[in-house]
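J.: Take a look at the following structure, please.
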Amino acid sequence: MTSAPDSGPLAWLRQSTGHERQALVAGSLGWLLDAFDVMLYSLVLAHLIQHFGMDKATAGFLHSLTLLASAAGGVLFGFLADRVGRTRALMGSILVYSLASGACGLAQSIVQLGLFRFVLGLGMGGEWATGAALVAESWRAEHRGKALGLMQSSWAVGEGLAALVAGLLLGLGTISLPGGVEWPAWRAVFLVGVLPALLVFWVRRRVSEPAVWRAQQDSAKPRVPLRRLWQPDMRRYGILATVMNTATLFGYWGLFTWIPAFLSLPPAEGGRGLTITQTTLWLVVMGVGKWFGYVLFGYFADAAGRRRAYIGYLVAAAVLVPVFASLTSPIALLLVGPLVAFFGTGYFSGFGAISSELFPTEIRGTAMGLSYNLGRAVSAAAPWLTGALALRFGLSGAFLVTSGAFLLAAVLAAQLPETKGTELR
């Protein structure tokens with residue numbers, strides 16, 4: 001008697017190989033913990049402004065500094081991933097961003113905080129380039145979009161965990177240390193960010209390099225020079241992908257860096273005046289919207305194509321942002337927020353699939369690191385610009401710039417080829 005064929009929306013995951021699952025877990029946990037560490041800054045931003053006496057422009061600049069560093073980190077770790085392996089480079093990036101996060105909790109000045117955020121950015125940029133390459137090369141073409149979507153969805157989980165940790169610790173106000181020393185709770189929030197370093201031990205023991213990368217290393221071919229990226233077959237689409245990603249990242253960081261402050265700051269300062277408990281709940285609910293946006297994008301991309309799904313998400317985000325920015329009712333913000341999160345972040349699941357399928361194995365890590373993180377470098381201006389515009393137009397008005405960025409990205413995405421079904425080589 002034969003058993004019924006395995007079917008359903010998760011059949012692809014149940015039928016995966018051990019290596020596919022291990023690569024997906026490694027990439028997902030690395031990305032989850034990356035999000036956890038990065039999100040901590042946004043969650044304690046209002047407290048940092050008060051503690052260090054910063055204005056909104058300075059606070060936005062510090063986050064922009066992190067994004068600028070992530071560009072350098074993406075290039076560096078992407079290059080290392082092509083030379084020494086995806087897993088080794090992944091472990092290095094995790095160590096850098098987790099230790100730097102803990103150091104932020106010890107900062108005694110704005111300059112020190114900026115330095116630690118810069119170092120954190122190096123690891124943050126490297127994690128995506130190495131993790132996405134690892135997952136893309138480990139999974140079959142017919143399920144690659146769904147696997148990368150599931151990996152990307154872990155970002156929402158990391159943000160949700162960060163919101164919960166920050167909500168619990170910030171509610172304490174101060175933390176008593178031995179000797180009668182009182183620490184502001186935001187320092188403890190950053191110190192929790194050291195924990196991701198423990199993931200490195202599991203990756204080192206359990207995750208092997210993708211077969212396609214090992215085959216490339218075992219071949220007799222000489223090392224491919226970086227100028228290969230500028231040859232005609234790579235140049236046009238590489239530039240398009242980079243500029244498109246710049247626009248999406250500009251929209252994302254300009255919007256989501258400031259949403260916690262938008263929810264929690266008093267109305268007199270351009271916010272909506274939610275309590276710490278309300279802000280935490282609203283962010284967790286938005287995180288659920290992000291998670292579904294990331295995961296379902298993978299299904300849409302594998303079924304209808306990467307480009308069509310990407311454009312649809314971006315256009316929806318461009319429409320929803322002005323609606324969200326105009327709301328004042330807490331209930332309305334709670335209802336519309338998950339939709340903004342669904343469409344305003346879910347498209348990121350597509351960039352890993354698109355970029356991994358545009359570039360060959362010998363330069364994939366470097367190319368993905370460059371195209372993603374050069375975009376981050378330019379988009380580093382977004383948190384600062386949003387903060388600067390908020391001084392004159394309020395956060396609601398400043399958010400309109402991010403809507404325009406999403407729309408521009410949709411136009412650029414329409415110029416890229418459809419890569420669905422591409423076998424990596």
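The way I read the labels, and the way they are meant: chains A, B, ... in the order of the structure tokens, residue 1 as the first residue of every chain, and ligand 1 as the first ligand shown, with later ones counted on from there.
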Which residues are close to range 245-251 of chain A, i.e. within 8 Å by only C-alpha atoms, leaving aside same-chain residues fewer than 6 positions away? Reply as a ChimeraX atom specification.
T.: /A:351,371-372,374-376,378-382,401-406,408-409
J.: Please extract the residues of range 95-332 of chain A with a backbone DSSP assignment of strand (DSSP E or B) and present them as a PyMOL selection string.
T.: chain A and resi 174-177+181-184
J.: Kindly save the residues from that selection, with C-alpha atoms included, as a short mmCIF file (atom, residue, chain, number, x, y, z; two decimals), in the first residue's frame.
T.:
data_model
loop_
_atom_site.label_atom_id
_atom_site.label_comp_id
_atom_site.auth_asym_id
_atom_site.auth_seq_id
_atom_site.Cartn_x
_atom_site.Cartn_y
_atom_site.Cartn_z
CA THR A 174 17.11 51.80 36.18
CA ILE A 175 18.96 48.64 37.17
CA SER A 176 20.76 48.35 40.49
CA LEU A 177 24.32 47.01 40.35
CA VAL A 181 25.47 51.86 41.29
CA GLU A 182 22.32 52.65 39.28
CA TRP A 183 22.44 51.95 35.54
CA PRO A 184 19.90 53.32 33.09
#
J.: Here is a test: counting only C-alpha atoms, which residue of A:Ala89, A:Ala59, A:Leu148, A:Leu412 is nearest to Ile239 in chain A?
T.: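 Looking at the shortest contact to Ile239 in chain A, the residue is A:Leu412.
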J.: Using only C-alpha atoms, which of A:Gly350, A:Ala341, A:Gly287, A:Trp258 sits nearest Gly394 in chain A?
T.: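 Closest to Gly394 in chain A of all the choices is A:Trp258.
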J.: Given only C-alpha atoms, how would the per-residue table for range 39-64 of chain A near range 263-284 of chain A read, listing every residue at most 12 Å away with its closest atom pair and distance in Å to one decimal, sorted by chain and number, as JSON lines?
T.:
{"residue": "A:Met39", "atom": "CA", "partner": "A:Leu283", "partner_atom": "CA", "distance": 10.9}
{"residue": "A:Ser42", "atom": "CA", "partner": "A:Leu283", "partner_atom": "CA", "distance": 11.3}
{"residue": "A:Leu43", "atom": "CA", "partner": "A:Thr280", "partner_atom": "CA", "distance": 9.0}
{"residue": "A:Val44", "atom": "CA", "partner": "A:Ser264", "partner_atom": "CA", "distance": 10.7}
{"residue": "A:Leu45", "atom": "CA", "partner": "A:Ser264", "partner_atom": "CA", "distance": 10.3}
{"residue": "A:Ala46", "atom": "CA", "partner": "A:Leu265", "partner_atom": "CA", "distance": 7.6}
{"residue": "A:His47", "atom": "CA", "partner": "A:Leu265", "partner_atom": "CA", "distance": 10.6}
{"residue": "A:Ile49", "atom": "CA", "partner": "A:Leu265", "partner_atom": "CA", "distance": 11.3}
{"residue": "A:Gln50", "atom": "CA", "partner": "A:Leu265", "partner_atom": "CA", "distance": 11.7}
{"residue": "A:Asp55", "atom": "CA", "partner": "A:Glu269", "partner_atom": "CA", "distance": 11.6}
{"residue": "A:Lys56", "atom": "CA", "partner": "A:Glu269", "partner_atom": "CA", "distance": 10.5}
J.: Which is closest to Ala136 in chain A among A:Ala103, A:Val111, A:Ala398, A:Val212, if we use only C-alpha atoms?
T.: A:Val212
J.: Go through A:Gln108, A:Ser93, A:Thr66, A:Thr345 one by one, measure the shortest atom-to-atom distance of each to Leu199 in chain A using only C-alpha atoms, and give the residue with the smallest value.
T.: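 Between A:Gln108, A:Ser93, A:Thr66, A:Thr345, the residue approaching Leu199 in chain A most closely is A:Ser93.
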J.: Which is closest to Ser349 in chain A among A:Gly158, A:Pro330, A:Gly145, A:Gly193, if we use only C-alpha atoms?
T.: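 With only C-alpha atoms as the atom set, the closest residue is A:Gly145.
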J.: Find the spatial neighbours of Leu168 in chain A, counting only C-alpha atoms, within a cut-off of 10 Å - ignore same-chain residues fewer than 2 positions away - and output them as a ChimeraX atom specification.
T.: /A:162-166,170-173,185,189,276-277,280
J.: I'd like a table as CSV: residues in range 359-420 of chain A with an atom no more than 6 Å from range 302-311 of chain A, each row giving the shortest atom pair and its distance in Å to one decimal, only C-alpha atoms counted, sorted by chain and rising residue number.
T.:
residue,atom,partner,partner_atom,distance
A:Ala410,CA,A:Ile311,CA,4.9
A:Glu418,CA,A:Arg307,CA,5.9
A:Lys420,CA,A:Gly305,CA,5.5
J.: Counting only C-alpha atoms, figure out which residue out of A:Gly352, A:Gly105, A:Gly160, A:Gly131 gets nearest to Ala188 in chain A.
T.: A:Gly105
J.: Using only C-alpha atoms, what table do you get, as CSV, when you list each residue of range 281-379 of chain A with an atom no more than 12 Å from range 120-123 of chain A, its nearest pair of atoms, and their distance in Å rounded to one decimal, rows by chain then rising number?
T.:
residue,atom,partner,partner_atom,distance
A:Gly369,CA,A:Leu122,CA,11.6
A:Asn373,CA,A:Leu122,CA,10.2
A:Arg376,CA,A:Gly121,CA,10.2
A:Ala377,CA,A:Gly121,CA,10.5
J.: If we count only C-alpha atoms, what is near Phe116 in chain A at a cut-off of 12 Å, once residues fewer than 5 positions away on the same chain are taken out, given as an MDAnalysis selection string?
T.: chainID A and resid 38 41 62:63 65:66 69 96:111 121:123 190
J.: Can you measure CA of Ala325 in chain A to CA of Phe399 in chain A for me? One decimal in Å is fine.
T.: 6.7 Å
